[in-house]
$ cat model_39.pdb   # PDB, C-alpha atoms
ATOM      1  CA  MET S   1       0.000   0.000   0.000
ATOM      2  CA  ARG S   2       1.249   3.481  -0.830
ATOM      3  CA  PHE S   3       1.948   5.846   2.053
ATOM      4  CA  ASP S   4      -0.726   8.333   0.951
ATOM      5  CA  GLN S   5      -3.331   5.542   0.716
ATOM      6  CA  PHE S   6      -2.493   4.422   4.243
ATOM      7  CA  LEU S   7      -2.864   8.038   5.419
ATOM      8  CA  GLU S   8      -6.546   7.950   4.497
ATOM      9  CA  LEU S   9      -7.046   4.929   6.782
ATOM     10  CA  TYR S  10      -5.133   6.693   9.532
ATOM     11  CA  TYR S  11      -7.157   9.903   9.175
ATOM     12  CA  GLU S  12     -10.449   8.027   9.157
ATOM     13  CA  ASP S  13      -9.626   6.363  12.472
ATOM     14  CA  MET S  14      -8.232   9.516  14.090
ATOM     15  CA  GLU S  15     -11.325  11.535  13.150
ATOM     16  CA  LYS S  16     -13.397   9.215  15.336
ATOM     17  CA  ARG S  17     -11.049   9.426  18.318
ATOM     18  CA  LEU S  18      -9.584  12.936  18.442
ATOM     19  CA  LYS S  19     -10.991  16.441  18.617
ATOM     20  CA  GLU S  20     -11.725  18.108  15.290
ATOM     21  CA  SER S  21      -9.141  20.812  16.018
ATOM     22  CA  THR S  22      -6.478  18.180  16.830
ATOM     23  CA  VAL S  23      -7.161  16.270  13.606
ATOM     24  CA  ARG S  24      -7.092  19.507  11.637
ATOM     25  CA  THR S  25      -3.642  20.384  13.038
ATOM     26  CA  LYS S  26      -2.387  16.850  12.427
ATOM     27  CA  LYS S  27      -3.558  16.885   8.796
ATOM     28  CA  TYR S  28      -2.054  20.320   8.197
ATOM     29  CA  ILE S  29       1.409  19.223   9.315
ATOM     30  CA  ILE S  30       1.309  15.832   7.588
ATOM     31  CA  ASP S  31      -0.065  17.085   4.273
ATOM     32  CA  LEU S  32       2.434  19.955   4.166
ATOM     33  CA  LYS S  33       5.651  18.369   5.433
ATOM     34  CA  ILE S  34       5.297  14.573   5.170
ATOM     35  CA  ARG S  35       2.906  13.490   2.407
ATOM     36  CA  PRO S  36       4.820  15.275  -0.421
ATOM     37  CA  TYR S  37       8.014  13.398   0.497
ATOM     38  CA  PHE S  38       6.675   9.892   1.157
ATOM     39  CA  GLY S  39       3.246   9.893  -0.522
ATOM     40  CA  ASN S  40       4.049   7.739  -3.560
ATOM     41  CA  ARG S  41       6.296   5.299  -1.681
ATOM     42  CA  ALA S  42       5.110   1.864  -0.545
ATOM     43  CA  ILE S  43       4.857   2.201   3.221
ATOM     44  CA  ASN S  44       6.684  -1.068   3.909
ATOM     45  CA  GLU S  45       9.618   0.011   1.706
ATOM     46  CA  ILE S  46      10.382   3.202   3.637
ATOM     47  CA  LYS S  47      13.554   2.579   5.637
ATOM     48  CA  ALA S  48      15.579   4.406   8.281
ATOM     49  CA  PRO S  49      17.939   6.041   5.698
ATOM     50  CA  ASP S  50      14.879   7.495   3.956
ATOM     51  CA  ILE S  51      13.707   8.992   7.250
ATOM     52  CA  ARG S  52      17.167  10.469   7.845
ATOM     53  CA  LYS S  53      17.208  12.090   4.388
ATOM     54  CA  TRP S  54      13.761  13.576   5.021
ATOM     55  CA  GLN S  55      14.934  14.897   8.399
ATOM     56  CA  ASN S  56      18.009  16.493   6.836
ATOM     57  CA  THR S  57      15.853  18.183   4.207
ATOM     58  CA  LEU S  58      13.692  19.817   6.889
ATOM     59  CA  MET S  59      16.610  20.653   9.165
ATOM     60  CA  ASN S  60      18.273  22.561   6.321
ATOM     61  CA  LYS S  61      15.221  24.804   5.974
ATOM     62  CA  GLY S  62      15.892  26.554   9.274
ATOM     63  CA  TYR S  63      12.759  25.543  11.174
ATOM     64  CA  SER S  64      12.750  25.864  14.962
ATOM     65  CA  GLN S  65      13.842  22.865  17.021
ATOM     66  CA  THR S  66      10.408  22.499  18.604
ATOM     67  CA  TYR S  67       8.695  22.557  15.192
ATOM     68  CA  LEU S  68      11.062  19.900  13.842
ATOM     69  CA  LYS S  69      10.238  17.729  16.846
ATOM     70  CA  THR S  70       6.503  18.223  16.289
ATOM     71  CA  VAL S  71       6.715  17.253  12.612
ATOM     72  CA  HIS S  72       8.800  14.156  13.374
ATOM     73  CA  ASN S  73       6.342  13.075  16.061
ATOM     74  CA  GLN S  74       3.546  13.092  13.483
ATOM     75  CA  LEU S  75       5.496  10.786  11.161
ATOM     76  CA  ALA S  76       6.406   8.505  14.065
ATOM     77  CA  ALA S  77       2.733   8.324  15.071
ATOM     78  CA  ILE S  78       1.777   7.118  11.577
ATOM     79  CA  PHE S  79       4.353   4.324  11.608
ATOM     80  CA  ASN S  80       3.457   3.380  15.190
ATOM     81  CA  TYR S  81      -0.141   3.033  14.052
ATOM     82  CA  ALA S  82       0.880   0.891  11.070
ATOM     83  CA  GLU S  83       3.064  -1.304  13.271
ATOM     84  CA  ARG S  84       0.410  -1.803  15.959
ATOM     85  CA  TYR S  85      -2.720  -2.308  13.866
ATOM     86  CA  TYR S  86      -1.576  -3.285  10.359
ATOM     87  CA  GLU S  87       1.379  -5.532  11.208
ATOM     88  CA  LEU S  88       4.108  -3.392   9.697
ATOM     89  CA  LYS S  89       7.227  -5.375  10.582
ATOM     90  CA  ASN S  90       9.615  -2.523  11.272
ATOM     91  CA  ASN S  91       9.101   1.095  12.287
ATOM     92  CA  PRO S  92      11.837   3.058  10.461
ATOM     93  CA  CYS S  93      11.428   6.066  12.765
ATOM     94  CA  LYS S  94      12.716   4.045  15.721
ATOM     95  CA  LYS S  95      15.947   3.219  13.892
ATOM     96  CA  ALA S  96      16.358   6.684  12.377
ATOM     97  CA  GLY S  97      15.987   8.516  15.684
ATOM     98  CA  SER S  98      14.236  11.801  16.277
ATOM     99  CA  MET S  99      15.084  15.372  15.322
ATOM    100  CA  GLY S 100      14.602  18.720  17.025
ATOM    101  CA  LYS S 101      13.883  19.348  20.692
ATOM    102  CA  ALA S 102      10.720  19.019  22.748
ATOM    103  CA  LYS S 103      11.483  22.151  24.758
ATOM    104  CA  ALA S 104      12.385  25.582  23.410
ATOM    105  CA  GLU S 105      15.732  27.021  24.464
ATOM    106  CA  GLU S 106      14.245  30.274  25.705
ATOM    107  CA  MET S 107      10.830  31.371  26.848
ATOM    108  CA  SER S 108       9.471  34.847  26.195
ATOM    109  CA  PHE S 109       7.425  36.563  28.872
ATOM    110  CA  TRP S 110       6.757  40.000  30.325
ATOM    111  CA  THR S 111       7.570  41.209  33.789
ATOM    112  CA  LYS S 112       4.694  42.831  35.657
ATOM    113  CA  ASP S 113       6.072  46.298  34.844
ATOM    114  CA  GLU S 114       6.225  45.460  31.127
ATOM    115  CA  TYR S 115       2.668  44.161  31.184
ATOM    116  CA  LEU S 116       1.319  47.235  32.996
ATOM    117  CA  HIS S 117       3.085  49.478  30.487
ATOM    118  CA  PHE S 118       1.426  47.530  27.661
ATOM    119  CA  LEU S 119      -1.960  47.649  29.404
ATOM    120  CA  GLU S 120      -1.980  51.454  29.463
ATOM    121  CA  VAL S 121      -2.105  51.700  25.668
ATOM    122  CA  VAL S 122      -4.922  49.171  25.143
ATOM    123  CA  LYS S 123      -7.340  50.804  27.590
ATOM    124  CA  ASP S 124      -8.951  52.626  24.677
ATOM    125  CA  LYS S 125     -10.706  49.363  23.707
ATOM    126  CA  PRO S 126     -12.626  47.893  26.682
ATOM    127  CA  MET S 127     -12.900  44.373  25.260
ATOM    128  CA  SER S 128      -9.176  44.167  24.509
ATOM    129  CA  TYR S 129      -8.340  45.586  27.934
ATOM    130  CA  MET S 130     -10.581  43.027  29.676
ATOM    131  CA  MET S 131      -9.241  40.057  27.693
ATOM    132  CA  PHE S 132      -5.621  40.943  28.398
ATOM    133  CA  GLN S 133      -6.393  41.454  32.088
ATOM    134  CA  ILE S 134      -7.892  37.973  32.326
ATOM    135  CA  LEU S 135      -5.065  36.334  30.388
ATOM    136  CA  TYR S 136      -2.304  37.933  32.453
ATOM    137  CA  TRP S 137      -3.843  37.552  35.907
ATOM    138  CA  THR S 138      -5.194  33.993  35.465
ATOM    139  CA  GLY S 139      -2.773  32.338  33.025
ATOM    140  CA  MET S 140      -5.610  30.745  31.072
ATOM    141  CA  ARG S 141      -5.190  29.683  27.454
ATOM    142  CA  MET S 142      -6.501  31.858  24.631
ATOM    143  CA  GLY S 143      -9.097  29.278  23.607
ATOM    144  CA  GLU S 144     -10.313  29.043  27.223
ATOM    145  CA  LEU S 145     -10.690  32.818  27.379
ATOM    146  CA  LEU S 146     -12.677  33.017  24.143
ATOM    147  CA  ALA S 147     -15.051  30.281  25.350
ATOM    148  CA  LEU S 148     -15.928  32.075  28.617
ATOM    149  CA  THR S 149     -19.579  32.833  29.270
ATOM    150  CA  TYR S 150     -21.176  35.188  31.765
ATOM    151  CA  GLU S 151     -22.280  32.248  33.922
ATOM    152  CA  ASP S 152     -18.648  31.123  34.287
ATOM    153  CA  ILE S 153     -17.942  34.165  36.465
ATOM    154  CA  ASP S 154     -18.812  33.956  40.166
ATOM    155  CA  PHE S 155     -18.615  37.532  41.422
ATOM    156  CA  GLU S 156     -19.350  36.591  45.029
ATOM    157  CA  ASP S 157     -16.725  33.851  45.372
ATOM    158  CA  CYS S 158     -14.274  35.694  43.082
ATOM    159  CA  THR S 159     -13.726  32.739  40.744
ATOM    160  CA  ILE S 160     -13.782  31.882  37.048
ATOM    161  CA  ARG S 161     -14.848  28.400  35.931
ATOM    162  CA  ILE S 162     -12.893  26.990  32.997
ATOM    163  CA  ASN S 163     -14.574  23.990  31.364
ATOM    164  CA  LYS S 164     -14.439  24.567  27.600
ATOM    165  CA  SER S 165     -12.331  25.950  24.765
ATOM    166  CA  TYR S 166     -13.070  27.933  21.604
ATOM    167  CA  GLN S 167     -11.808  27.143  18.103
ATOM    168  CA  ARG S 168     -12.508  28.805  14.770
ATOM    169  CA  LEU S 169     -12.429  26.044  12.142
ATOM    170  CA  GLY S 170     -12.998  27.262   8.637
ATOM    171  CA  ARG S 171     -15.921  29.645   9.109
ATOM    172  CA  LYS S 172     -17.452  27.795  12.041
ATOM    173  CA  ASP S 173     -17.210  28.602  15.743
ATOM    174  CA  ILE S 174     -16.514  25.379  17.633
ATOM    175  CA  ILE S 175     -16.735  24.947  21.415
ATOM    176  CA  THR S 176     -14.839  21.889  22.645
ATOM    177  CA  THR S 177     -13.737  20.421  25.931
ATOM    178  CA  PRO S 178     -10.483  21.862  27.344
ATOM    179  CA  LYS S 179      -7.058  20.573  26.330
ATOM    180  CA  THR S 180      -6.777  17.969  29.133
ATOM    181  CA  PRO S 181      -9.001  16.697  31.988
ATOM    182  CA  LYS S 182      -7.020  18.796  34.497
ATOM    183  CA  SER S 183      -7.814  21.858  32.378
ATOM    184  CA  ASN S 184     -11.322  21.692  33.840
ATOM    185  CA  ARG S 185     -10.745  23.924  36.831
ATOM    186  CA  VAL S 186     -11.950  26.851  38.912
ATOM    187  CA  VAL S 187      -9.516  29.759  39.182
ATOM    188  CA  ASN S 188      -9.621  32.269  42.030
ATOM    189  CA  ILE S 189      -9.164  35.856  40.891
ATOM    190  CA  PRO S 190      -8.134  39.037  42.745
ATOM    191  CA  GLN S 191     -10.730  41.618  43.787
ATOM    192  CA  PHE S 192      -9.564  44.234  41.291
ATOM    193  CA  LEU S 193     -10.183  41.775  38.442
ATOM    194  CA  VAL S 194     -13.667  41.047  39.808
ATOM    195  CA  GLU S 195     -14.390  44.782  39.750
ATOM    196  CA  ASP S 196     -13.057  45.090  36.186
ATOM    197  CA  LEU S 197     -15.293  42.209  35.090
ATOM    198  CA  GLN S 198     -18.356  43.684  36.815
ATOM    199  CA  GLU S 199     -17.806  47.017  35.093
ATOM    200  CA  TYR S 200     -17.299  45.330  31.735
ATOM    201  CA  THR S 201     -20.305  42.990  31.936
ATOM    202  CA  ASN S 202     -22.602  45.780  33.164
ATOM    203  CA  LYS S 203     -22.050  47.471  29.811
ATOM    204  CA  LEU S 204     -22.952  44.371  27.791
ATOM    205  CA  TYR S 205     -26.540  45.017  26.780
ATOM    206  CA  GLY S 206     -28.821  41.972  26.948
ATOM    207  CA  ILE S 207     -26.038  39.423  27.515
ATOM    208  CA  MET S 208     -27.279  35.848  27.886
ATOM    209  CA  PRO S 209     -25.768  33.707  30.678
ATOM    210  CA  ASP S 210     -24.551  31.044  28.233
ATOM    211  CA  ALA S 211     -23.352  33.433  25.512
ATOM    212  CA  ARG S 212     -19.644  33.980  24.855
ATOM    213  CA  MET S 213     -18.457  37.099  26.653
ATOM    214  CA  PHE S 214     -15.907  37.953  23.985
ATOM    215  CA  GLN S 215     -17.421  37.689  20.523
ATOM    216  CA  THR S 216     -14.118  37.744  18.665
ATOM    217  CA  THR S 217     -11.389  35.428  17.358
ATOM    218  CA  LYS S 218      -7.791  34.500  18.093
ATOM    219  CA  SER S 219      -6.580  36.430  15.052
ATOM    220  CA  HIS S 220      -8.257  39.614  16.314
ATOM    221  CA  LEU S 221      -6.675  39.177  19.741
ATOM    222  CA  THR S 222      -3.280  38.677  18.088
ATOM    223  CA  ARG S 223      -3.699  41.903  16.117
ATOM    224  CA  GLU S 224      -4.625  43.760  19.282
ATOM    225  CA  MET S 225      -1.511  42.358  20.962
ATOM    226  CA  GLU S 226       0.623  43.604  18.082
ATOM    227  CA  ARG S 227      -1.027  47.020  18.246
ATOM    228  CA  GLY S 228      -0.342  47.333  21.957
ATOM    229  CA  ILE S 229       3.279  46.254  21.560
ATOM    230  CA  LYS S 230       3.861  48.816  18.825
ATOM    231  CA  LEU S 231       2.293  51.648  20.838
ATOM    232  CA  SER S 232       3.973  50.755  24.140
ATOM    233  CA  GLY S 233       7.398  49.760  22.826
ATOM    234  CA  VAL S 234       7.644  46.670  25.051
ATOM    235  CA  LYS S 235       9.411  43.611  23.682
ATOM    236  CA  LYS S 236       7.459  41.439  21.275
ATOM    237  CA  ILE S 237       5.859  38.278  22.660
ATOM    238  CA  ARG S 238       2.921  36.091  21.598
ATOM    239  CA  VAL S 239      -0.538  36.105  23.179
ATOM    240  CA  HIS S 240       0.214  32.625  24.575
ATOM    241  CA  ASP S 241       3.271  34.072  26.324
ATOM    242  CA  LEU S 242       0.957  35.944  28.686
ATOM    243  CA  ARG S 243       0.356  32.491  30.192
ATOM    244  CA  HIS S 244       4.104  32.169  30.743
ATOM    245  CA  SER S 245       4.162  35.715  32.132
ATOM    246  CA  HIS S 246       1.556  34.720  34.714
ATOM    247  CA  ALA S 247       3.591  31.657  35.676
ATOM    248  CA  SER S 248       6.693  33.829  36.062
ATOM    249  CA  LEU S 249       4.740  36.160  38.333
ATOM    250  CA  LEU S 250       3.613  33.218  40.465
ATOM    251  CA  VAL S 251       7.196  31.952  40.793
ATOM    252  CA  ASP S 252       8.313  35.420  41.934
ATOM    253  CA  MET S 253       5.507  35.386  44.489
ATOM    254  CA  GLY S 254       6.886  32.144  45.937
ATOM    255  CA  CYS S 255       4.155  29.783  44.699
ATOM    256  CA  SER S 256       5.040  26.095  44.520
ATOM    257  CA  ALA S 257       5.126  24.111  41.287
ATOM    258  CA  LYS S 258       2.049  22.215  42.497
ATOM    259  CA  GLU S 259       0.082  25.432  42.981
ATOM    260  CA  ILE S 260       1.117  26.681  39.544
ATOM    261  CA  ALA S 261       0.237  23.352  37.886
ATOM    262  CA  GLU S 262      -3.261  23.443  39.398
ATOM    263  CA  ARG S 263      -3.842  27.051  38.393
ATOM    264  CA  LEU S 264      -2.648  26.563  34.805
ATOM    265  CA  GLY S 265      -4.461  23.258  34.375
ATOM    266  CA  HIS S 266      -1.389  21.146  33.667
ATOM    267  CA  GLU S 267      -2.096  17.417  33.578
ATOM    268  CA  ARG S 268       1.139  16.577  35.410
ATOM    269  CA  ILE S 269       3.342  18.597  37.755
ATOM    270  CA  GLU S 270       6.310  17.444  35.636
ATOM    271  CA  THR S 271       4.979  19.611  32.822
ATOM    272  CA  THR S 272       5.160  22.652  35.067
ATOM    273  CA  LEU S 273       8.643  21.819  36.294
ATOM    274  CA  ASN S 274       9.961  21.114  32.791
ATOM    275  CA  THR S 275       8.433  24.299  31.390
ATOM    276  CA  TYR S 276       9.378  26.717  34.163
ATOM    277  CA  SER S 277      12.393  25.113  35.845
ATOM    278  CA  HIS S 278      14.669  27.908  34.609
ATOM    279  CA  LEU S 279      12.648  30.398  36.670
ATOM    280  CA  TYR S 280      13.432  28.603  39.935
ATOM    281  CA  PRO S 281      17.266  28.878  40.435
ATOM    282  CA  ASN S 282      17.072  32.119  42.467
ATOM    283  CA  LYS S 283      14.297  30.621  44.571
ATOM    284  CA  GLN S 284      16.502  27.647  45.380
ATOM    285  CA  ALA S 285      19.295  30.001  46.481
ATOM    286  CA  GLN S 286      16.860  31.930  48.677
ATOM    287  CA  LEU S 287      15.680  28.653  50.201
ATOM    288  CA  ALA S 288      19.258  27.626  50.968
ATOM    289  CA  ASN S 289      19.878  30.966  52.684
ATOM    290  CA  ARG S 290      16.755  30.514  54.799
ATOM    291  CA  LEU S 291      17.899  27.024  55.837
ATOM    292  CA  ASP S 292      21.310  28.441  56.682
ATOM    293  CA  GLY S 293      19.611  30.963  58.950
ATOM    294  CA  GLU S 294      17.693  28.196  60.694
ATOM    295  CA  PHE S 295      20.917  26.315  61.463
ATOM    296  CA  GLU S 296      22.618  29.427  62.839
ATOM    297  CA  ARG S 297      19.709  30.068  65.177
ATOM    298  CA  LYS S 298      19.898  26.499  66.514
ATOM    299  CA  GLU S 299      23.631  26.886  67.131
ATOM    300  CA  ASN S 300      22.996  30.056  69.135
ATOM    301  CA  VAL S 301      20.405  28.257  71.240
ATOM    302  CA  LEU S 302      22.843  25.443  72.008
TER     303      LEU S 302
END
$ encode --input "model_39.pdb" --output "structure tokens"
Amino acid sequence: MRFDQFLELYYEDMEKRLKESTVRTKKYIIDLKIRPYFGNRAINEIKAPDIRKWQNTLMNKGYSQTYLKTVHNQLAAIFNYAERYYELKNNPCKKAGSMGKAKAEEMSFWTKDEYLHFLEVVKDKPMSYMMFQILYWTGMRMGELLALTYEDIDFEDCTIRINKSYQRLGRKDIITTPKTPKSNRVVNIPQFLVEDLQEYTNKLYGIMPDARMFQTTKSHLTREMERGIKLSGVKKIRVHDLRHSHASLLVDMGCSAKEIAERLGHERIETTLNTYSHLYPNKQAQLANRLDGEFERKENVL
């Protein structure tokens, strides 16, 4: 069977088991970076040297290490599927080895001062101001923000319930479950954010409890981010990096990795540690100094 023929079997199965947005992303990567190279080849004749040549071709194009890793993982998933369910004798990806890196070398984020400087120039648009406030002070994902409804806000308990995510697929608005089971969570918010939300929602005429609070898209939010960066002069980061900025703020406040994992909706605490470990070195030094102080006090007592 040709590789591209097998892909249709693979897609058909995945469409029944994965979210529409996940399948869409998978198809986009495979059809753009994998199918053109292997499509006409018999799947059982693709060997490790062929995988290595394909890897070298992509590596020479200057893609980021994390993107290379993502693309390779998609090819490996196809061969794993063929090996497990269609009795492919050998998975060439295992022999060829991977490419790229799972974790980016550097993470972009804003300090609190940088964020507040940015916030000043987007106050002219209430919806943009409110969305950026929520993203920075809660660390929620963009899709989670765009799926929020009025009934998700508890003004008395000062919480926001996160139990869905928004996607724009083609010309359709799609509401899905969050990224992982742990992404279903309730986030406590500070009083000033409650007051901002009350002021914002009071101006929404005739809002329905189950209607989306922010009737916009990810692309619009990205453009607003770019506008604010240009006007404020702060360093350029992505909308998603506001999530990292929130995590950085929590680390500076002395929050534990467990607390951060629960707030961000990470499935495993290892994800939090792997993503934000570089933010912790100074905290470890501070901890050591505190322990040193404890020992000195005991010596004095003795």
$ resolve_selection --input "model_39.pdb" --expression "the PyMOL selection byres ((chain S and resi 169-183) around 12)" --output "PyMOL selection string"
chain S and resi 18-25+139-149+161-168+184-187+211-212+215-218+261-269
$ write_last_selection --input "model_39.pdb" --atoms "C-alpha atoms" --output "PDB file, in the coordinates of the input"
ATOM      1  CA  LEU S  18      -9.584  12.936  18.442  1.00  0.00           C
ATOM      2  CA  LYS S  19     -10.991  16.441  18.617  1.00  0.00           C
ATOM      3  CA  GLU S  20     -11.725  18.108  15.290  1.00  0.00           C
ATOM      4  CA  SER S  21      -9.141  20.812  16.018  1.00  0.00           C
ATOM      5  CA  THR S  22      -6.478  18.180  16.830  1.00  0.00           C
ATOM      6  CA  VAL S  23      -7.161  16.270  13.606  1.00  0.00           C
ATOM      7  CA  ARG S  24      -7.092  19.507  11.637  1.00  0.00           C
ATOM      8  CA  THR S  25      -3.642  20.384  13.038  1.00  0.00           C
ATOM      9  CA  GLY S 139      -2.773  32.338  33.025  1.00  0.00           C
ATOM     10  CA  MET S 140      -5.610  30.745  31.072  1.00  0.00           C
ATOM     11  CA  ARG S 141      -5.190  29.683  27.454  1.00  0.00           C
ATOM     12  CA  MET S 142      -6.501  31.858  24.631  1.00  0.00           C
ATOM     13  CA  GLY S 143      -9.097  29.278  23.607  1.00  0.00           C
ATOM     14  CA  GLU S 144     -10.313  29.043  27.223  1.00  0.00           C
ATOM     15  CA  LEU S 145     -10.690  32.818  27.379  1.00  0.00           C
ATOM     16  CA  LEU S 146     -12.677  33.017  24.143  1.00  0.00           C
ATOM     17  CA  ALA S 147     -15.051  30.281  25.350  1.00  0.00           C
ATOM     18  CA  LEU S 148     -15.928  32.075  28.617  1.00  0.00           C
ATOM     19  CA  THR S 149     -19.579  32.833  29.270  1.00  0.00           C
ATOM     20  CA  ARG S 161     -14.848  28.400  35.931  1.00  0.00           C
ATOM     21  CA  ILE S 162     -12.893  26.990  32.997  1.00  0.00           C
ATOM     22  CA  ASN S 163     -14.574  23.990  31.364  1.00  0.00           C
ATOM     23  CA  LYS S 164     -14.439  24.567  27.600  1.00  0.00           C
ATOM     24  CA  SER S 165     -12.331  25.950  24.765  1.00  0.00           C
ATOM     25  CA  TYR S 166     -13.070  27.933  21.604  1.00  0.00           C
ATOM     26  CA  GLN S 167     -11.808  27.143  18.103  1.00  0.00           C
ATOM     27  CA  ARG S 168     -12.508  28.805  14.770  1.00  0.00           C
ATOM     28  CA  ASN S 184     -11.322  21.692  33.840  1.00  0.00           C
ATOM     29  CA  ARG S 185     -10.745  23.924  36.831  1.00  0.00           C
ATOM     30  CA  VAL S 186     -11.950  26.851  38.912  1.00  0.00           C
ATOM     31  CA  VAL S 187      -9.516  29.759  39.182  1.00  0.00           C
ATOM     32  CA  ALA S 211     -23.352  33.433  25.512  1.00  0.00           C
ATOM     33  CA  ARG S 212     -19.644  33.980  24.855  1.00  0.00           C
ATOM     34  CA  GLN S 215     -17.421  37.689  20.523  1.00  0.00           C
ATOM     35  CA  THR S 216     -14.118  37.744  18.665  1.00  0.00           C
ATOM     36  CA  THR S 217     -11.389  35.428  17.358  1.00  0.00           C
ATOM     37  CA  LYS S 218      -7.791  34.500  18.093  1.00  0.00           C
ATOM     38  CA  ALA S 261       0.237  23.352  37.886  1.00  0.00           C
ATOM     39  CA  GLU S 262      -3.261  23.443  39.398  1.00  0.00           C
ATOM     40  CA  ARG S 263      -3.842  27.051  38.393  1.00  0.00           C
ATOM     41  CA  LEU S 264      -2.648  26.563  34.805  1.00  0.00           C
ATOM     42  CA  GLY S 265      -4.461  23.258  34.375  1.00  0.00           C
ATOM     43  CA  HIS S 266      -1.389  21.146  33.667  1.00  0.00           C
ATOM     44  CA  GLU S 267      -2.096  17.417  33.578  1.00  0.00           C
ATOM     45  CA  ARG S 268       1.139  16.577  35.410  1.00  0.00           C
ATOM     46  CA  ILE S 269       3.342  18.597  37.755  1.00  0.00           C
TER      47      ILE S 269
END
$ axis_aligned_box --input "model_39.pdb" --around "stretch 48-52 of chain S" --padding-each-side "8 Å" --output "AutoDock Vina command-line options"
--center_x 15.8 --center_y 7.4 --center_z 6.1 --size_x 20.2 --size_y 22.1 --size_z 20.3
$ resolve_selection --input "model_39.pdb" --expression "the PyMOL selection byres ((chain S and resi 72-78) around 7)" --output "ChimeraX atom specification"
/S:30,68-71,79-82,93,98-99
$ write_last_selection --input "model_39.pdb" --atoms "C-alpha atoms" --output "PDB file, in the frame of the given file"
ATOM      1  CA  ILE S  30       1.309  15.832   7.588  1.00  0.00           C
ATOM      2  CA  LEU S  68      11.062  19.900  13.842  1.00  0.00           C
ATOM      3  CA  LYS S  69      10.238  17.729  16.846  1.00  0.00           C
ATOM      4  CA  THR S  70       6.503  18.223  16.289  1.00  0.00           C
ATOM      5  CA  VAL S  71       6.715  17.253  12.612  1.00  0.00           C
ATOM      6  CA  PHE S  79       4.353   4.324  11.608  1.00  0.00           C
ATOM      7  CA  ASN S  80       3.457   3.380  15.190  1.00  0.00           C
ATOM      8  CA  TYR S  81      -0.141   3.033  14.052  1.00  0.00           C
ATOM      9  CA  ALA S  82       0.880   0.891  11.070  1.00  0.00           C
ATOM     10  CA  CYS S  93      11.428   6.066  12.765  1.00  0.00           C
ATOM     11  CA  SER S  98      14.236  11.801  16.277  1.00  0.00           C
ATOM     12  CA  MET S  99      15.084  15.372  15.322  1.00  0.00           C
TER      13      MET S  99
END
$ resolve_selection --input "model_39.pdb" --expression "the PyMOL selection byres ((chain S and resi 233) around 12)" --output "list in words"
Glu114, Tyr115, His117, Phe118, Leu119, Glu120, Val121, Met225, Glu226, Arg227, Gly228, Ile229, Lys230, Leu231, Ser232, Val234, Lys235, Lys236 and Ile237 of chain S
$ residues_around --input "model_39.pdb" --residues "S:Met127" --least-positions-apart "3" --cutoff "10 Å" --atoms "all atoms listed in the file" --output "PDB file with C-alpha atoms, keeping the file's coordinate frame"
ATOM      1  CA  VAL S 122      -4.922  49.171  25.143  1.00  0.00           C
ATOM      2  CA  LYS S 123      -7.340  50.804  27.590  1.00  0.00           C
ATOM      3  CA  ASP S 124      -8.951  52.626  24.677  1.00  0.00           C
ATOM      4  CA  MET S 130     -10.581  43.027  29.676  1.00  0.00           C
ATOM      5  CA  MET S 131      -9.241  40.057  27.693  1.00  0.00           C
ATOM      6  CA  PHE S 132      -5.621  40.943  28.398  1.00  0.00           C
ATOM      7  CA  GLN S 133      -6.393  41.454  32.088  1.00  0.00           C
ATOM      8  CA  TYR S 200     -17.299  45.330  31.735  1.00  0.00           C
ATOM      9  CA  MET S 213     -18.457  37.099  26.653  1.00  0.00           C
ATOM     10  CA  PHE S 214     -15.907  37.953  23.985  1.00  0.00           C
ATOM     11  CA  GLN S 215     -17.421  37.689  20.523  1.00  0.00           C
ATOM     12  CA  THR S 216     -14.118  37.744  18.665  1.00  0.00           C
ATOM     13  CA  LEU S 221      -6.675  39.177  19.741  1.00  0.00           C
TER      14      LEU S 221
END
$ atom_distance --input "model_39.pdb" --atom1 "atom CA of S:Gln198" --atom2 "atom CA of S:Cys158"
10.9 Å
$ closest_residue --input "model_39.pdb" --among "S:Asp152, S:Thr57, S:Gln191, S:Leu249" --to "S:Thr111" --atoms "all atoms listed in the file"
S:Leu249
$ atom_distance --input "model_39.pdb" --atom1 "atom CA of S:Lys26" --atom2 "atom CA of S:Glu270"
24.8 Å
$ closest_residue --input "model_39.pdb" --among "S:Lys95, S:Lys89, S:Lys27, S:Arg2" --to "S:Glu15" --atoms "only C-alpha atoms"
S:Lys27
$ closest_residue --input "model_39.pdb" --among "S:Leu58, S:His240, S:Leu193, S:Met107" --to "S:His278" --atoms "only C-alpha atoms"
S:Met107
$ atom_distance --input "model_39.pdb" --atom1 "atom CA of S:Asn90" --atom2 "atom CA of S:Asn56"
21.3 Å
